[in-house]
Amino acid sequence: MSTPTEETELAREWRLEINMGTDEAPDWQLCPGVREFQPASEPNIEDSSDYDGEGWSGNEKTGQSWEVSCTIRRKANKSVKVYHPVHEAIRLAHYAYGDANKIRLRYMNRDGLPEAYQGKAIPNWQPAGGEYTALGEVEITFTGDGPLTPITNPLAP
C-alpha cells in the first residue's frame, strides 16, 4: 500500500472571479491576466485581561478585516477598441460611489482543493506605468466590505 505524495502549493494556484451579474443571478467570470495575488485577513485583537487571569493576559477577537491585492496584465481587443469586460468593471467601480463602487468577488484554488472564499470589496485601481518596453499592468487592492466567507470550491470535483 503506497502513501499519497504531498506536493508544495504554488502561488499561481489561485483563481480570481468577479460577479458580472447580480446577487440574485450571479455570473461569475474569470479575471484574466493575474500575475501576482495576495489575500490577507487581519483579526482585531483586544486585551481582555483582568485580575481573575492570575497574571495571565487575556485576549478577545472583536473584529476582522480583509483585502486582496493583485497585479493584472491588462487585456484589450484593439480591433474594436474595448478592454476586457471584467477589467473594465473593476476600473469603473473604482470611480463609482455607493453600491456601484463594490465588486462581488470570489477566489479559489484552481485545482479544486477545498480553499475558496467569497465577499464584497471596494477596488483601488492603480495603473503601474513603466518604461516604453513595459507591459500594461494594473495594481488592484480590493478592500473588504463585510464578511469574507469560506465557500465550497466551485471547481471541486
# chains A, B, ... in the order shown; residues from 1 in each chain; ligands from 1

$ residues_around --residues "Trp14 (chain A)" --least-positions-apart "5" --cutoff "7 Å" --atoms "only C-alpha atoms" --output "ChimeraX atom specification"
/A:107-110

$ select_by_dssp --residues "region 37-140 of chain A" --states "strand (DSSP E or B)" --output "PDB file with N, CA, C and O atoms, in the first residue's frame"
ATOM      1  N   PHE A  37      -0.869  37.705  -6.688  1.00  0.00           N
ATOM      2  CA  PHE A  37      -2.116  37.593  -5.937  1.00  0.00           C
ATOM      3  C   PHE A  37      -1.776  37.394  -4.471  1.00  0.00           C
ATOM      4  O   PHE A  37      -1.003  36.503  -4.129  1.00  0.00           O
ATOM      5  N   GLN A  38      -2.342  38.243  -3.603  1.00  0.00           N
ATOM      6  CA  GLN A  38      -2.062  38.122  -2.181  1.00  0.00           C
ATOM      7  C   GLN A  38      -3.310  38.432  -1.365  1.00  0.00           C
ATOM      8  O   GLN A  38      -3.692  39.589  -1.208  1.00  0.00           O
ATOM      9  N   PRO A  39      -3.955  37.393  -0.824  1.00  0.00           N
ATOM     10  CA  PRO A  39      -5.080  37.621   0.078  1.00  0.00           C
ATOM     11  C   PRO A  39      -4.576  37.851   1.510  1.00  0.00           C
ATOM     12  O   PRO A  39      -3.520  37.358   1.889  1.00  0.00           O
ATOM     13  N   ALA A  40      -5.332  38.624   2.281  1.00  0.00           N
ATOM     14  CA  ALA A  40      -4.979  38.858   3.682  1.00  0.00           C
ATOM     15  C   ALA A  40      -6.255  39.077   4.483  1.00  0.00           C
ATOM     16  O   ALA A  40      -7.200  39.692   3.994  1.00  0.00           O
ATOM     17  N   SER A  41      -6.280  38.554   5.695  1.00  0.00           N
ATOM     18  CA  SER A  41      -7.377  38.864   6.610  1.00  0.00           C
ATOM     19  C   SER A  41      -6.789  39.010   8.007  1.00  0.00           C
ATOM     20  O   SER A  41      -6.056  38.151   8.476  1.00  0.00           O
ATOM     21  N   GLU A  42      -7.072  40.167   8.595  1.00  0.00           N
ATOM     22  CA  GLU A  42      -6.488  40.529   9.883  1.00  0.00           C
ATOM     23  C   GLU A  42      -7.558  40.599  10.964  1.00  0.00           C
ATOM     24  O   GLU A  42      -8.502  41.385  10.851  1.00  0.00           O
ATOM     25  N   PRO A  43      -7.405  39.813  12.030  1.00  0.00           N
ATOM     26  CA  PRO A  43      -8.317  39.971  13.151  1.00  0.00           C
ATOM     27  C   PRO A  43      -7.942  41.187  13.996  1.00  0.00           C
ATOM     28  O   PRO A  43      -6.774  41.562  14.056  1.00  0.00           O
ATOM     29  N   ASN A  44      -8.932  41.813  14.602  1.00  0.00           N
ATOM     30  CA  ASN A  44      -8.681  42.868  15.583  1.00  0.00           C
ATOM     31  C   ASN A  44      -8.730  42.194  16.957  1.00  0.00           C
ATOM     32  O   ASN A  44      -9.759  41.654  17.348  1.00  0.00           O
ATOM     33  N   ILE A  45      -7.608  42.202  17.664  1.00  0.00           N
ATOM     34  CA  ILE A  45      -7.499  41.552  18.970  1.00  0.00           C
ATOM     35  C   ILE A  45      -7.397  42.632  20.041  1.00  0.00           C
ATOM     36  O   ILE A  45      -6.544  43.518  19.961  1.00  0.00           O
ATOM     37  N   GLU A  46      -8.282  42.556  21.027  1.00  0.00           N
ATOM     38  CA  GLU A  46      -8.273  43.494  22.148  1.00  0.00           C
ATOM     39  C   GLU A  46      -7.876  42.759  23.429  1.00  0.00           C
ATOM     40  O   GLU A  46      -8.247  41.602  23.631  1.00  0.00           O
ATOM     41  N   ASP A  47      -7.140  43.446  24.262  1.00  0.00           N
ATOM     42  CA  ASP A  47      -6.717  42.899  25.545  1.00  0.00           C
ATOM     43  C   ASP A  47      -7.933  42.782  26.465  1.00  0.00           C
ATOM     44  O   ASP A  47      -8.609  43.773  26.746  1.00  0.00           O
ATOM     45  N   ASN A  59      -7.158  37.776  25.780  1.00  0.00           N
ATOM     46  CA  ASN A  59      -7.390  38.478  24.522  1.00  0.00           C
ATOM     47  C   ASN A  59      -8.709  38.041  23.924  1.00  0.00           C
ATOM     48  O   ASN A  59      -9.151  36.911  24.118  1.00  0.00           O
ATOM     49  N   GLU A  60      -9.311  38.954  23.190  1.00  0.00           N
ATOM     50  CA  GLU A  60     -10.598  38.678  22.552  1.00  0.00           C
ATOM     51  C   GLU A  60     -10.590  39.232  21.133  1.00  0.00           C
ATOM     52  O   GLU A  60     -10.186  40.375  20.915  1.00  0.00           O
ATOM     53  N   LYS A  61     -11.011  38.417  20.189  1.00  0.00           N
ATOM     54  CA  LYS A  61     -11.172  38.890  18.811  1.00  0.00           C
ATOM     55  C   LYS A  61     -12.468  39.687  18.751  1.00  0.00           C
ATOM     56  O   LYS A  61     -13.534  39.182  19.084  1.00  0.00           O
ATOM     57  N   THR A  62     -12.360  40.966  18.333  1.00  0.00           N
ATOM     58  CA  THR A  62     -13.540  41.844  18.318  1.00  0.00           C
ATOM     59  C   THR A  62     -13.948  42.277  16.915  1.00  0.00           C
ATOM     60  O   THR A  62     -14.947  42.969  16.749  1.00  0.00           O
ATOM     61  N   GLY A  63     -13.163  41.910  15.930  1.00  0.00           N
ATOM     62  CA  GLY A  63     -13.493  42.292  14.563  1.00  0.00           C
ATOM     63  C   GLY A  63     -12.534  41.635  13.593  1.00  0.00           C
ATOM     64  O   GLY A  63     -11.590  40.953  13.994  1.00  0.00           O
ATOM     65  N   GLN A  64     -12.793  41.828  12.309  1.00  0.00           N
ATOM     66  CA  GLN A  64     -11.933  41.242  11.282  1.00  0.00           C
ATOM     67  C   GLN A  64     -12.016  42.097  10.027  1.00  0.00           C
ATOM     68  O   GLN A  64     -13.080  42.605   9.685  1.00  0.00           O
ATOM     69  N   SER A  65     -10.899  42.268   9.355  1.00  0.00           N
ATOM     70  CA  SER A  65     -10.885  42.957   8.067  1.00  0.00           C
ATOM     71  C   SER A  65     -10.185  42.049   7.065  1.00  0.00           C
ATOM     72  O   SER A  65      -9.460  41.129   7.441  1.00  0.00           O
ATOM     73  N   TRP A  66     -10.424  42.330   5.782  1.00  0.00           N
ATOM     74  CA  TRP A  66      -9.765  41.528   4.752  1.00  0.00           C
ATOM     75  C   TRP A  66      -9.514  42.365   3.519  1.00  0.00           C
ATOM     76  O   TRP A  66     -10.154  43.390   3.313  1.00  0.00           O
ATOM     77  N   GLU A  67      -8.562  41.913   2.721  1.00  0.00           N
ATOM     78  CA  GLU A  67      -8.296  42.535   1.432  1.00  0.00           C
ATOM     79  C   GLU A  67      -7.593  41.528   0.529  1.00  0.00           C
ATOM     80  O   GLU A  67      -7.027  40.536   0.999  1.00  0.00           O
ATOM     81  N   VAL A  68      -7.665  41.809  -0.755  1.00  0.00           N
ATOM     82  CA  VAL A  68      -6.953  41.034  -1.763  1.00  0.00           C
ATOM     83  C   VAL A  68      -6.157  42.036  -2.598  1.00  0.00           C
ATOM     84  O   VAL A  68      -6.728  42.988  -3.131  1.00  0.00           O
ATOM     85  N   SER A  69      -4.860  41.826  -2.684  1.00  0.00           N
ATOM     86  CA  SER A  69      -4.007  42.649  -3.537  1.00  0.00           C
ATOM     87  C   SER A  69      -3.574  41.797  -4.716  1.00  0.00           C
ATOM     88  O   SER A  69      -3.177  40.641  -4.534  1.00  0.00           O
ATOM     89  N   CYS A  70      -3.667  42.360  -5.902  1.00  0.00           N
ATOM     90  CA  CYS A  70      -3.228  41.613  -7.076  1.00  0.00           C
ATOM     91  C   CYS A  70      -2.698  42.576  -8.130  1.00  0.00           C
ATOM     92  O   CYS A  70      -2.992  43.765  -8.112  1.00  0.00           O
ATOM     93  N   THR A  71      -1.897  42.028  -9.006  1.00  0.00           N
ATOM     94  CA  THR A  71      -1.419  42.754 -10.173  1.00  0.00           C
ATOM     95  C   THR A  71      -1.919  41.994 -11.386  1.00  0.00           C
ATOM     96  O   THR A  71      -1.799  40.771 -11.444  1.00  0.00           O
ATOM     97  N   ILE A  72      -2.518  42.727 -12.319  1.00  0.00           N
ATOM     98  CA  ILE A  72      -3.021  42.089 -13.536  1.00  0.00           C
ATOM     99  C   ILE A  72      -2.313  42.667 -14.751  1.00  0.00           C
ATOM    100  O   ILE A  72      -1.856  43.805 -14.736  1.00  0.00           O
ATOM    101  N   ARG A  73      -2.222  41.874 -15.781  1.00  0.00           N
ATOM    102  CA  ARG A  73      -1.796  42.343 -17.089  1.00  0.00           C
ATOM    103  C   ARG A  73      -3.071  42.672 -17.836  1.00  0.00           C
ATOM    104  O   ARG A  73      -3.918  41.820 -18.070  1.00  0.00           O
ATOM    105  N   ALA A  76      -7.024  43.805 -23.831  1.00  0.00           N
ATOM    106  CA  ALA A  76      -7.870  44.659 -24.657  1.00  0.00           C
ATOM    107  C   ALA A  76      -8.038  44.026 -26.030  1.00  0.00           C
ATOM    108  O   ALA A  76      -7.165  43.305 -26.514  1.00  0.00           O
ATOM    109  N   ASN A  77      -9.181  44.305 -26.655  1.00  0.00           N
ATOM    110  CA  ASN A  77      -9.406  43.950 -28.052  1.00  0.00           C
ATOM    111  C   ASN A  77      -9.214  45.246 -28.833  1.00  0.00           C
ATOM    112  O   ASN A  77     -10.110  46.089 -28.882  1.00  0.00           O
ATOM    113  N   VAL A  82     -12.015  47.927 -27.200  1.00  0.00           N
ATOM    114  CA  VAL A  82     -12.617  47.661 -25.891  1.00  0.00           C
ATOM    115  C   VAL A  82     -11.619  46.903 -25.013  1.00  0.00           C
ATOM    116  O   VAL A  82     -10.820  46.114 -25.514  1.00  0.00           O
ATOM    117  N   TYR A  83     -11.693  47.184 -23.714  1.00  0.00           N
ATOM    118  CA  TYR A  83     -10.919  46.426 -22.743  1.00  0.00           C
ATOM    119  C   TYR A  83     -11.706  45.185 -22.355  1.00  0.00           C
ATOM    120  O   TYR A  83     -12.915  45.102 -22.577  1.00  0.00           O
ATOM    121  N   ILE A 103     -17.400  45.521  -5.650  1.00  0.00           N
ATOM    122  CA  ILE A 103     -17.212  44.379  -6.543  1.00  0.00           C
ATOM    123  C   ILE A 103     -17.502  43.109  -5.752  1.00  0.00           C
ATOM    124  O   ILE A 103     -16.990  42.941  -4.643  1.00  0.00           O
ATOM    125  N   ARG A 104     -18.319  42.249  -6.303  1.00  0.00           N
ATOM    126  CA  ARG A 104     -18.537  40.925  -5.699  1.00  0.00           C
ATOM    127  C   ARG A 104     -17.463  40.020  -6.299  1.00  0.00           C
ATOM    128  O   ARG A 104     -17.363  39.909  -7.522  1.00  0.00           O
ATOM    129  N   LEU A 105     -16.668  39.413  -5.449  1.00  0.00           N
ATOM    130  CA  LEU A 105     -15.581  38.573  -5.937  1.00  0.00           C
ATOM    131  C   LEU A 105     -15.532  37.263  -5.174  1.00  0.00           C
ATOM    132  O   LEU A 105     -16.096  37.139  -4.092  1.00  0.00           O
ATOM    133  N   ARG A 106     -14.883  36.315  -5.791  1.00  0.00           N
ATOM    134  CA  ARG A 106     -14.568  35.067  -5.114  1.00  0.00           C
ATOM    135  C   ARG A 106     -13.220  34.599  -5.644  1.00  0.00           C
ATOM    136  O   ARG A 106     -12.830  34.926  -6.763  1.00  0.00           O
ATOM    137  N   TYR A 107     -12.506  33.901  -4.801  1.00  0.00           N
ATOM    138  CA  TYR A 107     -11.241  33.328  -5.228  1.00  0.00           C
ATOM    139  C   TYR A 107     -11.110  31.947  -4.624  1.00  0.00           C
ATOM    140  O   TYR A 107     -11.652  31.654  -3.566  1.00  0.00           O
ATOM    141  N   MET A 108     -10.433  31.082  -5.398  1.00  0.00           N
ATOM    142  CA  MET A 108     -10.366  29.693  -5.007  1.00  0.00           C
ATOM    143  C   MET A 108      -9.113  29.043  -5.561  1.00  0.00           C
ATOM    144  O   MET A 108      -8.462  29.584  -6.454  1.00  0.00           O
ATOM    145  N   ASN A 109      -8.806  27.864  -5.026  1.00  0.00           N
ATOM    146  CA  ASN A 109      -7.718  27.071  -5.561  1.00  0.00           C
ATOM    147  C   ASN A 109      -8.162  26.536  -6.920  1.00  0.00           C
ATOM    148  O   ASN A 109      -9.198  25.887  -7.035  1.00  0.00           O
ATOM    149  N   ALA A 116     -11.565  28.190  -0.664  1.00  0.00           N
ATOM    150  CA  ALA A 116     -12.286  29.132  -1.527  1.00  0.00           C
ATOM    151  C   ALA A 116     -13.016  30.136  -0.646  1.00  0.00           C
ATOM    152  O   ALA A 116     -13.486  29.793   0.448  1.00  0.00           O
ATOM    153  N   TYR A 117     -13.126  31.394  -1.126  1.00  0.00           N
ATOM    154  CA  TYR A 117     -13.724  32.478  -0.346  1.00  0.00           C
ATOM    155  C   TYR A 117     -14.540  33.381  -1.253  1.00  0.00           C
ATOM    156  O   TYR A 117     -14.274  33.487  -2.449  1.00  0.00           O
ATOM    157  N   GLN A 118     -15.510  34.068  -0.640  1.00  0.00           N
ATOM    158  CA  GLN A 118     -16.358  34.993  -1.393  1.00  0.00           C
ATOM    159  C   GLN A 118     -16.668  36.209  -0.531  1.00  0.00           C
ATOM    160  O   GLN A 118     -16.862  36.084   0.678  1.00  0.00           O
ATOM    161  N   GLY A 119     -16.708  37.394  -1.173  1.00  0.00           N
ATOM    162  CA  GLY A 119     -17.028  38.605  -0.440  1.00  0.00           C
ATOM    163  C   GLY A 119     -17.290  39.767  -1.374  1.00  0.00           C
ATOM    164  O   GLY A 119     -17.260  39.637  -2.597  1.00  0.00           O
ATOM    165  N   LYS A 120     -17.545  40.914  -0.760  1.00  0.00           N
ATOM    166  CA  LYS A 120     -17.808  42.167  -1.474  1.00  0.00           C
ATOM    167  C   LYS A 120     -16.703  43.135  -1.080  1.00  0.00           C
ATOM    168  O   LYS A 120     -16.349  43.225   0.101  1.00  0.00           O
ATOM    169  N   ALA A 121     -16.146  43.873  -2.070  1.00  0.00           N
ATOM    170  CA  ALA A 121     -14.996  44.719  -1.779  1.00  0.00           C
ATOM    171  C   ALA A 121     -14.983  45.973  -2.641  1.00  0.00           C
ATOM    172  O   ALA A 121     -15.585  46.023  -3.711  1.00  0.00           O
ATOM    173  N   ILE A 122     -14.273  46.966  -2.141  1.00  0.00           N
ATOM    174  CA  ILE A 122     -14.061  48.227  -2.860  1.00  0.00           C
ATOM    175  C   ILE A 122     -12.711  48.140  -3.564  1.00  0.00           C
ATOM    176  O   ILE A 122     -11.686  47.914  -2.911  1.00  0.00           O
ATOM    177  N   PRO A 123     -12.677  48.305  -4.902  1.00  0.00           N
ATOM    178  CA  PRO A 123     -11.403  48.209  -5.608  1.00  0.00           C
ATOM    179  C   PRO A 123     -10.647  49.535  -5.647  1.00  0.00           C
ATOM    180  O   PRO A 123     -11.243  50.596  -5.768  1.00  0.00           O
ATOM    181  N   ASN A 124      -9.337  49.453  -5.525  1.00  0.00           N
ATOM    182  CA  ASN A 124      -8.447  50.586  -5.751  1.00  0.00           C
ATOM    183  C   ASN A 124      -7.614  50.216  -6.974  1.00  0.00           C
ATOM    184  O   ASN A 124      -6.769  49.329  -6.917  1.00  0.00           O
ATOM    185  N   TRP A 125      -7.857  50.881  -8.088  1.00  0.00           N
ATOM    186  CA  TRP A 125      -7.277  50.576  -9.407  1.00  0.00           C
ATOM    187  C   TRP A 125      -6.131  51.534  -9.679  1.00  0.00           C
ATOM    188  O   TRP A 125      -6.346  52.735  -9.802  1.00  0.00           O
ATOM    189  N   GLN A 126      -4.902  51.041  -9.757  1.00  0.00           N
ATOM    190  CA  GLN A 126      -3.731  51.890  -9.951  1.00  0.00           C
ATOM    191  C   GLN A 126      -2.857  51.354 -11.084  1.00  0.00           C
ATOM    192  O   GLN A 126      -2.118  50.381 -10.890  1.00  0.00           O
ATOM    193  N   PRO A 127      -2.925  51.963 -12.291  1.00  0.00           N
ATOM    194  CA  PRO A 127      -2.040  51.547 -13.378  1.00  0.00           C
ATOM    195  C   PRO A 127      -0.578  51.673 -12.957  1.00  0.00           C
ATOM    196  O   PRO A 127      -0.184  52.647 -12.315  1.00  0.00           O
ATOM    197  N   GLU A 137       0.276  46.936 -16.933  1.00  0.00           N
ATOM    198  CA  GLU A 137      -0.149  46.266 -15.707  1.00  0.00           C
ATOM    199  C   GLU A 137      -0.894  47.239 -14.802  1.00  0.00           C
ATOM    200  O   GLU A 137      -0.672  48.445 -14.850  1.00  0.00           O
ATOM    201  N   VAL A 138      -1.764  46.668 -13.975  1.00  0.00           N
ATOM    202  CA  VAL A 138      -2.530  47.443 -13.010  1.00  0.00           C
ATOM    203  C   VAL A 138      -2.428  46.752 -11.662  1.00  0.00           C
ATOM    204  O   VAL A 138      -2.585  45.533 -11.570  1.00  0.00           O
ATOM    205  N   GLU A 139      -2.156  47.535 -10.633  1.00  0.00           N
ATOM    206  CA  GLU A 139      -2.158  47.022  -9.265  1.00  0.00           C
ATOM    207  C   GLU A 139      -3.533  47.319  -8.679  1.00  0.00           C
ATOM    208  O   GLU A 139      -3.988  48.465  -8.709  1.00  0.00           O
ATOM    209  N   ILE A 140      -4.190  46.281  -8.169  1.00  0.00           N
ATOM    210  CA  ILE A 140      -5.533  46.429  -7.616  1.00  0.00           C
ATOM    211  C   ILE A 140      -5.529  45.942  -6.180  1.00  0.00           C
ATOM    212  O   ILE A 140      -5.014  44.857  -5.889  1.00  0.00           O
TER     213      ILE A 140
END

$ atom_distance --atom1 "CA of Ala128 (chain A)" --atom2 "CA of Arg91 (chain A)"
13.5 Å

$ residues_around --residues "Leu30 (chain A)" --least-positions-apart "2" --cutoff "9 Å" --atoms "only C-alpha atoms" --output "PDB file with N, CA, C and O atoms, in the first residue's frame"
ATOM      1  N   ARG A  15      -7.318  31.406  -8.286  1.00  0.00           N
ATOM      2  CA  ARG A  15      -8.134  31.872  -9.408  1.00  0.00           C
ATOM      3  C   ARG A  15      -9.068  32.940  -8.863  1.00  0.00           C
ATOM      4  O   ARG A  15      -9.756  32.720  -7.865  1.00  0.00           O
ATOM      5  N   LEU A  16      -9.112  34.106  -9.506  1.00  0.00           N
ATOM      6  CA  LEU A  16      -9.966  35.219  -9.096  1.00  0.00           C
ATOM      7  C   LEU A  16     -11.121  35.345 -10.078  1.00  0.00           C
ATOM      8  O   LEU A  16     -10.902  35.366 -11.293  1.00  0.00           O
ATOM      9  N   GLU A  17     -12.344  35.423  -9.545  1.00  0.00           N
ATOM     10  CA  GLU A  17     -13.531  35.604 -10.369  1.00  0.00           C
ATOM     11  C   GLU A  17     -14.333  36.785  -9.849  1.00  0.00           C
ATOM     12  O   GLU A  17     -14.362  37.057  -8.640  1.00  0.00           O
ATOM     13  N   ILE A  18     -14.982  37.484 -10.771  1.00  0.00           N
ATOM     14  CA  ILE A  18     -15.807  38.645 -10.458  1.00  0.00           C
ATOM     15  C   ILE A  18     -17.244  38.334 -10.879  1.00  0.00           C
ATOM     16  O   ILE A  18     -17.462  37.767 -11.952  1.00  0.00           O
ATOM     17  N   TRP A  28     -20.408  34.541 -12.635  1.00  0.00           N
ATOM     18  CA  TRP A  28     -19.013  34.554 -12.223  1.00  0.00           C
ATOM     19  C   TRP A  28     -18.111  34.405 -13.437  1.00  0.00           C
ATOM     20  O   TRP A  28     -18.237  33.452 -14.197  1.00  0.00           O
ATOM     21  N   PRO A  32      -8.895  37.697 -15.995  1.00  0.00           N
ATOM     22  CA  PRO A  32      -7.706  37.179 -16.668  1.00  0.00           C
ATOM     23  C   PRO A  32      -6.479  38.050 -16.412  1.00  0.00           C
ATOM     24  O   PRO A  32      -6.591  39.204 -16.017  1.00  0.00           O
ATOM     25  N   VAL A  86     -14.267  42.223 -17.647  1.00  0.00           N
ATOM     26  CA  VAL A  86     -14.036  42.086 -16.200  1.00  0.00           C
ATOM     27  C   VAL A  86     -13.094  43.193 -15.727  1.00  0.00           C
ATOM     28  O   VAL A  86     -13.349  43.843 -14.709  1.00  0.00           O
TER      29      VAL A  86
END

$ closest_residue --among "A:Thr22, A:Thr8, A:Thr133, A:Ser79" --to "Ala100 (chain A)" --atoms "only C-alpha atoms"
A:Thr22

$ atom_distance --atom1 "CA of Ala93 (chain A)" --atom2 "CA of Pro26 (chain A)"
17.1 Å

$ closest_residue --among "A:Met20, A:Asp145, A:Glu115, A:Pro85" --to "Asp99 (chain A)" --atoms "only C-alpha atoms"
A:Asp145

$ atom_distance --atom1 "CA of Gly129 (chain A)" --atom2 "CA of Arg74 (chain A)"
11.6 Å

$ select_by_dssp --residues "chain A" --states "alpha helix (DSSP H)" --output "PyMOL selection string"
chain A and resi 85-95

$ write_last_selection --atoms "all heavy atoms" --output "compact mmCIF listing (two decimals), in the first residue's frame"
# COMPACT_ATOMS: atom_id res chain seq x y z
N PRO A 85 -14.02 42.91 -20.43
CA PRO A 85 -15.16 43.39 -19.63
C PRO A 85 -14.97 43.25 -18.11
O PRO A 85 -15.44 44.11 -17.35
CB PRO A 85 -16.34 42.56 -20.11
CG PRO A 85 -15.79 41.49 -20.98
CD PRO A 85 -14.42 41.90 -21.40
N VAL A 86 -14.27 42.22 -17.65
CA VAL A 86 -14.04 42.09 -16.20
C VAL A 86 -13.09 43.19 -15.73
O VAL A 86 -13.35 43.84 -14.71
CB VAL A 86 -13.49 40.69 -15.85
CG1 VAL A 86 -13.01 40.63 -14.41
CG2 VAL A 86 -14.57 39.63 -16.09
N HIS A 87 -12.02 43.44 -16.46
CA HIS A 87 -11.10 44.52 -16.10
C HIS A 87 -11.83 45.87 -16.10
O HIS A 87 -11.63 46.69 -15.22
CB HIS A 87 -9.91 44.57 -17.06
CG HIS A 87 -9.01 43.39 -16.97
ND1 HIS A 87 -7.94 43.22 -17.80
CD2 HIS A 87 -8.99 42.32 -16.13
CE1 HIS A 87 -7.30 42.10 -17.49
NE2 HIS A 87 -7.93 41.54 -16.48
N GLU A 88 -12.67 46.06 -17.09
CA GLU A 88 -13.39 47.33 -17.20
C GLU A 88 -14.39 47.51 -16.05
O GLU A 88 -14.57 48.61 -15.53
CB GLU A 88 -14.09 47.41 -18.57
CG GLU A 88 -14.56 48.78 -18.95
CD GLU A 88 -13.47 49.83 -19.11
OE1 GLU A 88 -12.27 49.58 -18.86
OE2 GLU A 88 -13.83 50.97 -19.49
N ALA A 89 -15.04 46.44 -15.63
CA ALA A 89 -15.98 46.52 -14.50
C ALA A 89 -15.25 46.93 -13.22
O ALA A 89 -15.75 47.75 -12.45
CB ALA A 89 -16.69 45.17 -14.30
N ILE A 90 -14.05 46.39 -13.01
CA ILE A 90 -13.26 46.74 -11.83
C ILE A 90 -12.84 48.21 -11.91
O ILE A 90 -12.95 48.96 -10.94
CB ILE A 90 -12.03 45.82 -11.68
CG1 ILE A 90 -12.48 44.37 -11.48
CG2 ILE A 90 -11.15 46.28 -10.53
CD1 ILE A 90 -11.35 43.36 -11.64
N ARG A 91 -12.34 48.63 -13.07
CA ARG A 91 -11.88 50.02 -13.25
C ARG A 91 -13.02 51.00 -13.01
O ARG A 91 -12.86 52.01 -12.29
CB ARG A 91 -11.31 50.22 -14.66
CG ARG A 91 -10.74 51.63 -14.88
CD ARG A 91 -10.27 51.83 -16.31
NE ARG A 91 -11.38 51.91 -17.26
CZ ARG A 91 -12.09 53.01 -17.52
NH1 ARG A 91 -11.81 54.14 -16.90
NH2 ARG A 91 -13.06 52.99 -18.40
N LEU A 92 -14.18 50.74 -13.59
CA LEU A 92 -15.32 51.66 -13.43
C LEU A 92 -15.83 51.69 -11.99
O LEU A 92 -16.24 52.75 -11.50
CB LEU A 92 -16.42 51.30 -14.42
CG LEU A 92 -16.06 51.53 -15.89
CD1 LEU A 92 -17.16 51.00 -16.80
CD2 LEU A 92 -15.75 52.99 -16.17
N ALA A 93 -15.79 50.55 -11.30
CA ALA A 93 -16.21 50.53 -9.89
C ALA A 93 -15.28 51.40 -9.04
O ALA A 93 -15.73 52.03 -8.08
CB ALA A 93 -16.23 49.09 -9.37
N HIS A 94 -14.00 51.45 -9.40
CA HIS A 94 -13.04 52.28 -8.67
C HIS A 94 -13.48 53.75 -8.66
O HIS A 94 -13.28 54.46 -7.67
CB HIS A 94 -11.66 52.15 -9.34
CG HIS A 94 -10.66 53.18 -8.90
ND1 HIS A 94 -9.95 53.09 -7.72
CD2 HIS A 94 -10.24 54.32 -9.50
CE1 HIS A 94 -9.14 54.12 -7.61
NE2 HIS A 94 -9.29 54.89 -8.68
N TYR A 95 -14.10 54.22 -9.72
CA TYR A 95 -14.51 55.63 -9.84
C TYR A 95 -15.93 55.89 -9.36
O TYR A 95 -16.36 57.03 -9.31
CB TYR A 95 -14.36 56.10 -11.29
CG TYR A 95 -12.91 56.18 -11.70
CD1 TYR A 95 -12.33 55.18 -12.47
CD2 TYR A 95 -12.12 57.25 -11.28
CE1 TYR A 95 -10.99 55.25 -12.83
CE2 TYR A 95 -10.78 57.32 -11.64
CZ TYR A 95 -10.22 56.32 -12.40
OH TYR A 95 -8.89 56.39 -12.75
